[in-house]
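Visitor: So that you have it, the file is start-v1.cif, and it contains mmCIF, N, CA and C atoms:
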```cif
data_upload
#
loop_
_atom_site.label_atom_id
_atom_site.label_comp_id
_atom_site.auth_asym_id
_atom_site.auth_seq_id
_atom_site.Cartn_x
_atom_site.Cartn_y
_atom_site.Cartn_z
N MET A 38 65.37 -14.65 -28.27
CA MET A 38 64.72 -15.32 -27.16
C MET A 38 65.79 -15.89 -26.22
N ASN A 39 65.70 -15.54 -24.96
CA ASN A 39 66.66 -16.01 -23.96
C ASN A 39 65.97 -17.03 -23.06
N ILE A 40 66.49 -18.24 -23.07
CA ILE A 40 65.94 -19.30 -22.23
C ILE A 40 66.93 -19.58 -21.11
N SER A 41 66.45 -19.51 -19.89
CA SER A 41 67.32 -19.81 -18.76
C SER A 41 66.60 -20.76 -17.81
N PRO A 42 67.34 -21.72 -17.27
CA PRO A 42 66.71 -22.67 -16.36
C PRO A 42 66.28 -22.03 -15.05
N ASP A 43 65.25 -22.57 -14.47
CA ASP A 43 64.76 -22.10 -13.17
C ASP A 43 65.59 -22.78 -12.09
N LYS A 44 66.39 -21.98 -11.39
CA LYS A 44 67.31 -22.50 -10.36
C LYS A 44 66.58 -23.35 -9.33
N ASP A 45 65.43 -22.87 -8.85
CA ASP A 45 64.69 -23.61 -7.82
C ASP A 45 64.20 -24.96 -8.34
N LYS A 46 63.79 -25.01 -9.60
CA LYS A 46 63.32 -26.27 -10.19
C LYS A 46 64.47 -27.25 -10.34
N LEU A 47 65.64 -26.75 -10.72
CA LEU A 47 66.79 -27.63 -10.85
C LEU A 47 67.22 -28.19 -9.50
N ILE A 48 67.17 -27.37 -8.48
CA ILE A 48 67.50 -27.84 -7.14
C ILE A 48 66.48 -28.88 -6.69
N GLU A 49 65.22 -28.64 -6.99
CA GLU A 49 64.17 -29.59 -6.62
C GLU A 49 64.39 -30.94 -7.31
N ILE A 50 64.64 -30.93 -8.61
CA ILE A 50 64.82 -32.20 -9.32
C ILE A 50 66.09 -32.91 -8.86
N ALA A 51 67.11 -32.16 -8.47
CA ALA A 51 68.36 -32.76 -8.00
C ALA A 51 68.17 -33.53 -6.70
N HIS A 52 67.20 -33.11 -5.88
CA HIS A 52 67.01 -33.72 -4.57
C HIS A 52 65.73 -34.56 -4.46
N TYR A 53 64.99 -34.68 -5.55
CA TYR A 53 63.74 -35.43 -5.52
C TYR A 53 64.03 -36.92 -5.57
N ARG A 54 63.36 -37.67 -4.74
CA ARG A 54 63.55 -39.13 -4.69
C ARG A 54 62.32 -39.84 -5.23
N MET A 55 62.55 -40.96 -5.87
CA MET A 55 61.46 -41.76 -6.41
C MET A 55 60.58 -42.22 -5.25
N PRO A 56 59.27 -41.93 -5.30
CA PRO A 56 58.40 -42.22 -4.15
C PRO A 56 57.83 -43.64 -4.09
N PHE A 57 58.03 -44.46 -5.13
CA PHE A 57 57.41 -45.79 -5.13
C PHE A 57 58.20 -46.75 -6.02
N GLY A 58 57.81 -48.02 -5.95
CA GLY A 58 58.33 -49.02 -6.87
C GLY A 58 59.71 -49.55 -6.54
N LYS A 59 60.25 -50.22 -7.51
CA LYS A 59 61.55 -50.89 -7.40
C LYS A 59 62.66 -49.91 -7.01
N TYR A 60 62.55 -48.67 -7.46
CA TYR A 60 63.60 -47.68 -7.22
C TYR A 60 63.21 -46.67 -6.15
N LYS A 61 62.26 -47.03 -5.31
CA LYS A 61 61.81 -46.14 -4.25
C LYS A 61 63.00 -45.66 -3.41
N GLY A 62 63.04 -44.34 -3.18
CA GLY A 62 64.09 -43.76 -2.36
C GLY A 62 65.31 -43.29 -3.13
N ARG A 63 65.44 -43.68 -4.39
CA ARG A 63 66.59 -43.23 -5.18
C ARG A 63 66.34 -41.83 -5.72
N TYR A 64 67.41 -41.05 -5.81
CA TYR A 64 67.32 -39.77 -6.49
C TYR A 64 66.94 -40.04 -7.95
N LEU A 65 66.18 -39.15 -8.54
CA LEU A 65 65.77 -39.34 -9.93
C LEU A 65 66.98 -39.45 -10.85
N VAL A 66 68.04 -38.72 -10.56
CA VAL A 66 69.24 -38.78 -11.39
C VAL A 66 69.89 -40.16 -11.33
N ASP A 67 69.60 -40.93 -10.28
CA ASP A 67 70.18 -42.27 -10.13
C ASP A 67 69.30 -43.36 -10.75
N LEU A 68 68.16 -42.99 -11.31
CA LEU A 68 67.33 -43.98 -11.98
C LEU A 68 68.02 -44.43 -13.26
N PRO A 69 67.94 -45.73 -13.58
CA PRO A 69 68.55 -46.19 -14.83
C PRO A 69 67.86 -45.55 -16.04
N GLU A 70 68.64 -45.20 -17.02
CA GLU A 70 68.06 -44.57 -18.22
C GLU A 70 67.00 -45.45 -18.89
N PRO A 71 67.20 -46.79 -18.97
CA PRO A 71 66.14 -47.61 -19.59
C PRO A 71 64.79 -47.49 -18.87
N TYR A 72 64.80 -47.26 -17.57
CA TYR A 72 63.56 -47.08 -16.81
C TYR A 72 62.86 -45.79 -17.26
N LEU A 73 63.63 -44.73 -17.46
CA LEU A 73 63.05 -43.47 -17.93
C LEU A 73 62.59 -43.57 -19.38
N VAL A 74 63.33 -44.32 -20.18
CA VAL A 74 62.91 -44.55 -21.57
C VAL A 74 61.59 -45.30 -21.59
N TRP A 75 61.44 -46.29 -20.70
CA TRP A 75 60.19 -47.04 -20.61
C TRP A 75 59.03 -46.11 -20.28
N PHE A 76 59.23 -45.24 -19.30
CA PHE A 76 58.19 -44.26 -18.96
C PHE A 76 57.87 -43.38 -20.16
N ASN A 77 58.92 -42.97 -20.89
CA ASN A 77 58.71 -42.11 -22.05
C ASN A 77 57.85 -42.82 -23.10
N GLN A 78 58.05 -44.12 -23.26
CA GLN A 78 57.28 -44.89 -24.25
C GLN A 78 55.86 -45.16 -23.77
N LYS A 79 55.69 -45.45 -22.49
CA LYS A 79 54.38 -45.81 -21.93
C LYS A 79 53.55 -44.60 -21.53
N GLY A 80 54.24 -43.50 -21.22
CA GLY A 80 53.56 -42.29 -20.77
C GLY A 80 53.93 -41.98 -19.32
N PHE A 81 54.32 -40.76 -19.10
CA PHE A 81 54.66 -40.32 -17.75
C PHE A 81 53.38 -40.05 -16.96
N PRO A 82 53.43 -40.18 -15.64
CA PRO A 82 52.25 -39.84 -14.83
C PRO A 82 51.83 -38.39 -15.09
N GLU A 83 50.57 -38.12 -14.88
CA GLU A 83 50.02 -36.77 -15.11
C GLU A 83 50.03 -35.98 -13.81
N ASP A 84 51.20 -35.82 -13.22
CA ASP A 84 51.33 -35.08 -11.97
C ASP A 84 52.75 -34.51 -11.88
N LYS A 85 53.08 -33.98 -10.72
CA LYS A 85 54.40 -33.39 -10.50
C LYS A 85 55.50 -34.41 -10.78
N LEU A 86 55.32 -35.64 -10.30
CA LEU A 86 56.33 -36.67 -10.52
C LEU A 86 56.55 -36.89 -12.01
N GLY A 87 55.47 -36.91 -12.77
CA GLY A 87 55.58 -37.09 -14.21
C GLY A 87 56.40 -35.99 -14.86
N ILE A 88 56.18 -34.77 -14.44
CA ILE A 88 56.94 -33.64 -14.97
C ILE A 88 58.42 -33.79 -14.64
N LEU A 89 58.71 -34.19 -13.40
CA LEU A 89 60.11 -34.37 -12.99
C LEU A 89 60.76 -35.54 -13.71
N LEU A 90 60.03 -36.64 -13.88
CA LEU A 90 60.58 -37.79 -14.61
C LEU A 90 60.83 -37.43 -16.07
N ARG A 91 59.91 -36.71 -16.68
CA ARG A 91 60.08 -36.28 -18.07
C ARG A 91 61.33 -35.38 -18.19
N SER A 92 61.48 -34.49 -17.23
CA SER A 92 62.65 -33.61 -17.23
C SER A 92 63.94 -34.41 -17.06
N MET A 93 63.92 -35.38 -16.14
CA MET A 93 65.12 -36.19 -15.92
C MET A 93 65.45 -37.03 -17.15
N HIS A 94 64.42 -37.51 -17.84
CA HIS A 94 64.65 -38.24 -19.09
C HIS A 94 65.41 -37.35 -20.08
N GLU A 95 64.98 -36.12 -20.24
CA GLU A 95 65.65 -35.18 -21.15
C GLU A 95 67.07 -34.87 -20.68
N ILE A 96 67.25 -34.73 -19.39
CA ILE A 96 68.58 -34.47 -18.83
C ILE A 96 69.51 -35.62 -19.16
N LYS A 97 69.06 -36.85 -18.95
CA LYS A 97 69.91 -38.02 -19.21
C LYS A 97 70.18 -38.21 -20.70
N VAL A 98 69.15 -38.06 -21.53
CA VAL A 98 69.31 -38.23 -22.97
C VAL A 98 70.33 -37.23 -23.52
N ASN A 99 70.38 -36.06 -22.94
CA ASN A 99 71.28 -35.01 -23.41
C ASN A 99 72.61 -34.96 -22.65
N GLY A 100 72.85 -35.97 -21.80
CA GLY A 100 74.14 -36.07 -21.11
C GLY A 100 74.40 -34.99 -20.08
N LEU A 101 73.34 -34.50 -19.44
CA LEU A 101 73.49 -33.42 -18.47
C LEU A 101 73.48 -33.88 -17.01
N GLU A 102 73.65 -35.16 -16.78
CA GLU A 102 73.67 -35.68 -15.41
C GLU A 102 74.71 -35.00 -14.53
N PRO A 103 75.91 -34.68 -15.06
CA PRO A 103 76.90 -34.00 -14.21
C PRO A 103 76.38 -32.67 -13.66
N LEU A 104 75.53 -31.99 -14.41
CA LEU A 104 74.94 -30.75 -13.93
C LEU A 104 74.10 -31.00 -12.68
N ILE A 105 73.29 -32.05 -12.69
CA ILE A 105 72.43 -32.37 -11.55
C ILE A 105 73.29 -32.79 -10.36
N ARG A 106 74.32 -33.57 -10.61
CA ARG A 106 75.20 -34.00 -9.51
C ARG A 106 75.93 -32.80 -8.90
N ARG A 107 76.29 -31.85 -9.72
CA ARG A 107 76.95 -30.63 -9.23
C ARG A 107 75.98 -29.82 -8.37
N ILE A 108 74.72 -29.75 -8.80
CA ILE A 108 73.71 -29.05 -8.02
C ILE A 108 73.52 -29.73 -6.67
N GLN A 109 73.50 -31.07 -6.65
CA GLN A 109 73.38 -31.81 -5.39
C GLN A 109 74.51 -31.44 -4.44
N LYS A 110 75.69 -31.30 -4.99
CA LYS A 110 76.88 -30.98 -4.17
C LYS A 110 76.87 -29.52 -3.72
N ASP A 111 76.59 -28.61 -4.64
CA ASP A 111 76.68 -27.18 -4.35
C ASP A 111 75.48 -26.62 -3.58
N PHE A 112 74.34 -27.30 -3.68
CA PHE A 112 73.13 -26.86 -3.01
C PHE A 112 72.53 -28.01 -2.21
N PRO A 113 73.22 -28.42 -1.13
CA PRO A 113 72.70 -29.55 -0.34
C PRO A 113 71.31 -29.26 0.19
N LYS A 114 70.53 -30.31 0.27
CA LYS A 114 69.17 -30.16 0.78
C LYS A 114 69.23 -29.79 2.24
N GLY A 115 68.55 -28.71 2.59
CA GLY A 115 68.63 -28.23 3.96
C GLY A 115 67.37 -28.18 4.61
#
```
Using the file provided, produce a representation of the structure as structure tokens.
Guide:
Amino acid sequence: MNISPDKDKLIEIAHYRMPFGKYKGRYLVDLPEPYLVWFNQKGFPEDKLGILLRSMHEIKVNGLEPLIRRIQKDFPKG
């Protein structure tokens, strides 16, 4: 079984900004990990944002933030 990430989804998550709350306007990669852990414990929203937050939680837990930052640099939002 070959698993490969979806390039377009990674670019989307790299440039997605938090749409509300205390961290409104921040890139998801810039959200504090405890905030994502809290969402993980309480439950992520049942929408696109929830999917992206869940993905970012996994990215941070696994130490893959440099990958997202590299995508931000190599694929600027246009």
Visitor: Interatomic distance between atom C of Ile50 (chain A) and atom C of Gln78 (chain A)?
Guide: 21.8 Å
Visitor: So what does the PyMOL selection byres (((chain A and resi 102-105 and name CA) around 9) and name CA) actually pick up in this one, as a ChimeraX atom specification?
Guide: /A:47-48,50-52,66,93,96-97,99-101,106-110
Visitor: Expand the PyMOL selection byres (((chain A and resi 85 and name CA) around 12) and name CA) into the individual residues it matches in the shown file, reporting them as a list in words.
Guide: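 The output of the PyMOL selection byres (((chain A and resi 85 and name CA) around 12) and name CA) on this file is Lys46, Glu49, Ile50, Tyr53, Met55, Pro56, Phe81, Pro82, Glu83, Asp84, Leu86, Gly87, Ile88, Leu89, Leu90, Arg91 and Ser92 of chain A.
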Visitor: Can you tell me how far atom C of Glu70 (chain A) sits from atom C of Lys114 (chain A), in Å to one decimal?
Guide: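 These atoms are spaced 26.4 Å apart.
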Visitor: Please report the interatomic distance between CA of Lys79 (chain A) and CA of His94 (chain A) in Å with one decimal.
Guide: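 Result for CA of Lys79 (chain A) versus CA of His94 (chain A): 13.1 Å, one decimal.
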Visitor: Return as a short mmCIF file (atom, residue, chain, number, x, y, z; two decimals) with N, CA and C atoms, in the frame of the given file the full set of residues in chain A whose backbone-based DSSP assignment is helix (DSSP H, G or I).
Guide:
```
data_model
loop_
_atom_site.label_atom_id
_atom_site.label_comp_id
_atom_site.auth_asym_id
_atom_site.auth_seq_id
_atom_site.Cartn_x
_atom_site.Cartn_y
_atom_site.Cartn_z
N LYS A 44 66.39 -21.98 -11.39
CA LYS A 44 67.31 -22.50 -10.36
C LYS A 44 66.58 -23.35 -9.33
N ASP A 45 65.43 -22.87 -8.85
CA ASP A 45 64.69 -23.61 -7.82
C ASP A 45 64.20 -24.96 -8.34
N LYS A 46 63.79 -25.01 -9.60
CA LYS A 46 63.32 -26.27 -10.19
C LYS A 46 64.47 -27.25 -10.34
N LEU A 47 65.64 -26.75 -10.72
CA LEU A 47 66.79 -27.63 -10.85
C LEU A 47 67.22 -28.19 -9.50
N ILE A 48 67.17 -27.37 -8.48
CA ILE A 48 67.50 -27.84 -7.14
C ILE A 48 66.48 -28.88 -6.69
N GLU A 49 65.22 -28.64 -6.99
CA GLU A 49 64.17 -29.59 -6.62
C GLU A 49 64.39 -30.94 -7.31
N ILE A 50 64.64 -30.93 -8.61
CA ILE A 50 64.82 -32.20 -9.32
C ILE A 50 66.09 -32.91 -8.86
N ALA A 51 67.11 -32.16 -8.47
CA ALA A 51 68.36 -32.76 -8.00
C ALA A 51 68.17 -33.53 -6.70
N HIS A 52 67.20 -33.11 -5.88
CA HIS A 52 67.01 -33.72 -4.57
C HIS A 52 65.73 -34.56 -4.46
N LEU A 65 66.18 -39.15 -8.54
CA LEU A 65 65.77 -39.34 -9.93
C LEU A 65 66.98 -39.45 -10.85
N VAL A 66 68.04 -38.72 -10.56
CA VAL A 66 69.24 -38.78 -11.39
C VAL A 66 69.89 -40.16 -11.33
N ASP A 67 69.60 -40.93 -10.28
CA ASP A 67 70.18 -42.27 -10.13
C ASP A 67 69.30 -43.36 -10.75
N GLU A 70 68.64 -45.20 -17.02
CA GLU A 70 68.06 -44.57 -18.22
C GLU A 70 67.00 -45.45 -18.89
N PRO A 71 67.20 -46.79 -18.97
CA PRO A 71 66.14 -47.61 -19.59
C PRO A 71 64.79 -47.49 -18.87
N TYR A 72 64.80 -47.26 -17.57
CA TYR A 72 63.56 -47.08 -16.81
C TYR A 72 62.86 -45.79 -17.26
N LEU A 73 63.63 -44.73 -17.46
CA LEU A 73 63.05 -43.47 -17.93
C LEU A 73 62.59 -43.57 -19.38
N VAL A 74 63.33 -44.32 -20.18
CA VAL A 74 62.91 -44.55 -21.57
C VAL A 74 61.59 -45.30 -21.59
N TRP A 75 61.44 -46.29 -20.70
CA TRP A 75 60.19 -47.04 -20.61
C TRP A 75 59.03 -46.11 -20.28
N PHE A 76 59.23 -45.24 -19.30
CA PHE A 76 58.19 -44.26 -18.96
C PHE A 76 57.87 -43.38 -20.16
N ASN A 77 58.92 -42.97 -20.89
CA ASN A 77 58.71 -42.11 -22.05
C ASN A 77 57.85 -42.82 -23.10
N GLN A 78 58.05 -44.12 -23.26
CA GLN A 78 57.28 -44.89 -24.25
C GLN A 78 55.86 -45.16 -23.77
N LYS A 79 55.69 -45.45 -22.49
CA LYS A 79 54.38 -45.81 -21.93
C LYS A 79 53.55 -44.60 -21.53
N LYS A 85 53.08 -33.98 -10.72
CA LYS A 85 54.40 -33.39 -10.50
C LYS A 85 55.50 -34.41 -10.78
N LEU A 86 55.32 -35.64 -10.30
CA LEU A 86 56.33 -36.67 -10.52
C LEU A 86 56.55 -36.89 -12.01
N GLY A 87 55.47 -36.91 -12.77
CA GLY A 87 55.58 -37.09 -14.21
C GLY A 87 56.40 -35.99 -14.86
N ILE A 88 56.18 -34.77 -14.44
CA ILE A 88 56.94 -33.64 -14.97
C ILE A 88 58.42 -33.79 -14.64
N LEU A 89 58.71 -34.19 -13.40
CA LEU A 89 60.11 -34.37 -12.99
C LEU A 89 60.76 -35.54 -13.71
N LEU A 90 60.03 -36.64 -13.88
CA LEU A 90 60.58 -37.79 -14.61
C LEU A 90 60.83 -37.43 -16.07
N ARG A 91 59.91 -36.71 -16.68
CA ARG A 91 60.08 -36.28 -18.07
C ARG A 91 61.33 -35.38 -18.19
N SER A 92 61.48 -34.49 -17.23
CA SER A 92 62.65 -33.61 -17.23
C SER A 92 63.94 -34.41 -17.06
N MET A 93 63.92 -35.38 -16.14
CA MET A 93 65.12 -36.19 -15.92
C MET A 93 65.45 -37.03 -17.15
N HIS A 94 64.42 -37.51 -17.84
CA HIS A 94 64.65 -38.24 -19.09
C HIS A 94 65.41 -37.35 -20.08
N GLU A 95 64.98 -36.12 -20.24
CA GLU A 95 65.65 -35.18 -21.15
C GLU A 95 67.07 -34.87 -20.68
N ILE A 96 67.25 -34.73 -19.39
CA ILE A 96 68.58 -34.47 -18.83
C ILE A 96 69.51 -35.62 -19.16
N LYS A 97 69.06 -36.85 -18.95
CA LYS A 97 69.91 -38.02 -19.21
C LYS A 97 70.18 -38.21 -20.70
N VAL A 98 69.15 -38.06 -21.53
CA VAL A 98 69.31 -38.23 -22.97
C VAL A 98 70.33 -37.23 -23.52
N GLU A 102 73.65 -35.16 -16.78
CA GLU A 102 73.67 -35.68 -15.41
C GLU A 102 74.71 -35.00 -14.53
N PRO A 103 75.91 -34.68 -15.06
CA PRO A 103 76.90 -34.00 -14.21
C PRO A 103 76.38 -32.67 -13.66
N LEU A 104 75.53 -31.99 -14.41
CA LEU A 104 74.94 -30.75 -13.93
C LEU A 104 74.10 -31.00 -12.68
N ILE A 105 73.29 -32.05 -12.69
CA ILE A 105 72.43 -32.37 -11.55
C ILE A 105 73.29 -32.79 -10.36
N ARG A 106 74.32 -33.57 -10.61
CA ARG A 106 75.20 -34.00 -9.51
C ARG A 106 75.93 -32.80 -8.90
N ARG A 107 76.29 -31.85 -9.72
CA ARG A 107 76.95 -30.63 -9.23
C ARG A 107 75.98 -29.82 -8.37
N ILE A 108 74.72 -29.75 -8.80
CA ILE A 108 73.71 -29.05 -8.02
C ILE A 108 73.52 -29.73 -6.67
N GLN A 109 73.50 -31.07 -6.65
CA GLN A 109 73.38 -31.81 -5.39
C GLN A 109 74.51 -31.44 -4.44
N LYS A 110 75.69 -31.30 -4.99
CA LYS A 110 76.88 -30.98 -4.17
C LYS A 110 76.87 -29.52 -3.72
N ASP A 111 76.59 -28.61 -4.64
CA ASP A 111 76.68 -27.18 -4.35
C ASP A 111 75.48 -26.62 -3.58
#
```
Visitor: Padding 4 Å on every side, please: axis-aligned box over the listed atoms of region 85-104 of chain A, centre and edge lengths to one decimal in Å, as JSON.
Guide:
```
{"center_x": 65.0, "center_y": -34.5, "center_z": -16.9, "size_x": 31.8, "size_y": 15.5, "size_z": 21.2}
```
